[in-house]
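**Q** The structure that follows is given in the form of C-alpha cells.
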Amino acid sequence: MPLHRRLPKRGFNNIFKKKFAIVNLADLEKLPGDSFSVDRLMELGAIKKLGDGLKVLGGGEITRKVTVEAHVFSKSAADKIEKAGGEVKVIGAAQAA
C-alpha cells in the first residue's frame, strides 16, 4: 500500500469559526418588499439555515430604498444601502457589547 494511504490525515479545524447565512445585495434587489429581516428572508426562501447570524455582502447593486436588519454588514453593503436611501440596522449588538 502506498505511503500516502498508510499515514493518517492531519489538519486544523477551527471549532470557533462562525458560519453565517449570506445574502448579497443583488439577491435583495430581486426580492419583493422594502423591509428585510431574518424572518422575512427565511419566509421568502433567500436563506435556508441561519447558523450564527445573517451577513449581508455588497455583491451587486441596489437601486431602491430598503431597510435591512442583519447581524453583520460588509462595509460596501452598508455604504450601497445608505447611498440608495435605505437604512441599515444591526441586530444582536447589545449581546456582543
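Each chain in the C-alpha cells gets a letter, A, B and so on, in the order shown; residues start at 1 in every chain, and ligands are counted from 1 in the order they appear.
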So that I can see what lies close to segment 35-50 of chain A, please list as a list of chain:residue names the residues with an atom at most 8 Å from it, counting only C-alpha atoms and leaving out residues fewer than 3 positions away in the same chain.
**A**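 In the requested format, the answer is A:Phe20, A:Ala21, A:Ile22, A:Val23, A:Asp27, A:Leu31, A:Gly53, A:Leu54, A:Val66, A:Thr67, A:Val68, A:Glu69, A:Ala70.
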**Q** Let's have the selection written as a compact mmCIF listing (two decimals), in the first residue's frame, with N, CA, C and O atoms.
**A**
```txt
# COMPACT_ATOMS: atom_id res chain seq x y z
N PHE A 20 -22.13 32.06 8.93
CA PHE A 20 -23.23 32.98 8.74
C PHE A 20 -24.06 32.58 7.51
O PHE A 20 -23.53 32.02 6.55
N ALA A 21 -25.34 32.90 7.56
CA ALA A 21 -26.17 32.83 6.36
C ALA A 21 -25.86 34.09 5.57
O ALA A 21 -25.88 35.19 6.12
N ILE A 22 -25.56 33.95 4.28
CA ILE A 22 -25.08 35.08 3.48
C ILE A 22 -26.12 35.48 2.44
O ILE A 22 -26.71 34.64 1.77
N VAL A 23 -26.31 36.81 2.33
CA VAL A 23 -27.20 37.38 1.32
C VAL A 23 -26.46 38.53 0.65
O VAL A 23 -25.89 39.38 1.32
N ASP A 27 -29.29 39.79 -4.51
CA ASP A 27 -30.42 38.95 -4.08
C ASP A 27 -31.54 39.80 -3.49
O ASP A 27 -32.71 39.54 -3.74
N LEU A 31 -35.83 40.50 -4.65
CA LEU A 31 -36.93 40.13 -3.76
C LEU A 31 -37.97 41.24 -3.65
O LEU A 31 -37.63 42.42 -3.69
N GLY A 53 -25.84 33.70 12.41
CA GLY A 53 -26.42 35.01 12.12
C GLY A 53 -26.52 35.26 10.63
O GLY A 53 -26.16 34.41 9.81
N LEU A 54 -27.00 36.44 10.28
CA LEU A 54 -27.17 36.83 8.89
C LEU A 54 -26.13 37.87 8.53
O LEU A 54 -25.93 38.84 9.26
N VAL A 66 -34.40 50.42 0.80
CA VAL A 66 -34.77 49.25 1.59
C VAL A 66 -34.25 49.41 3.01
O VAL A 66 -33.28 50.11 3.27
N THR A 67 -34.92 48.73 3.92
CA THR A 67 -34.48 48.64 5.32
C THR A 67 -34.07 47.20 5.57
O THR A 67 -34.86 46.29 5.33
N VAL A 68 -32.84 47.00 6.02
CA VAL A 68 -32.31 45.65 6.21
C VAL A 68 -31.86 45.49 7.65
O VAL A 68 -31.12 46.32 8.17
N GLU A 69 -32.32 44.41 8.29
CA GLU A 69 -31.89 44.06 9.64
C GLU A 69 -31.06 42.79 9.54
O GLU A 69 -31.53 41.78 9.05
N ALA A 70 -29.81 42.87 10.00
CA ALA A 70 -28.92 41.70 9.96
C ALA A 70 -27.94 41.78 11.12
O ALA A 70 -27.82 42.82 11.78
```
**Q** As JSON, numbers by chain, please: all residues of chain A that backbone DSSP puts in strand (DSSP E).
**A** {"A": [21, 22, 23, 24, 35, 36, 54, 55, 56, 57, 67, 68, 69, 70, 72, 73, 87, 88, 89, 90]}
**Q** Would you please work out which residue, of A:Val90, A:Val56, A:Leu3, A:Ala84, is nearest to Leu25 of chain A when using only C-alpha atoms?
**A**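 So, comparing all the options, the nearest one is A:Val56.
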**Q** Atom CA of Phe16 of chain A and atom CA of Gly58 of chain A, how far apart in Å?
**A**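 Taking atom CA of Gly58 of chain A and atom CA of Phe16 of chain A, their separation equals 24.9 Å.
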**Q** Calculate how many Å separate atom CA of Lys19 of chain A from atom CA of Gly51 of chain A, rounding to one decimal.
**A** 5.8 Å
**Q** Give me the residues within 8 Å of Ile62 of chain A as a list in words, counting only C-alpha atoms and dropping any in the same chain fewer than 4 places off.
**A**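 Selected residues are Leu25, Ala26, Leu28, Glu29, Lys80, Ile81 and Ala84 of chain A.
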**Q** So which bits of chain A end up helix (DSSP H, G or I) when you DSSP the backbone, as a ChimeraX atom specification?
**A** /A:3-6,25-30,38-44,75-83,93-96
**Q** With distances taken over only C-alpha atoms, which residue among A:Asn14, A:Asp34, A:Glu82, A:Lys89 lies nearest Lys55 of chain A?
**A** A:Lys89
**Q** In terms of the shortest atom-to-atom distance over only C-alpha atoms, which of A:Arg6, A:Lys30, A:Thr63, A:Lys18 is closest to Gly86 of chain A?
**A**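 For Gly86 of chain A, the nearest of the given residues is A:Thr63.
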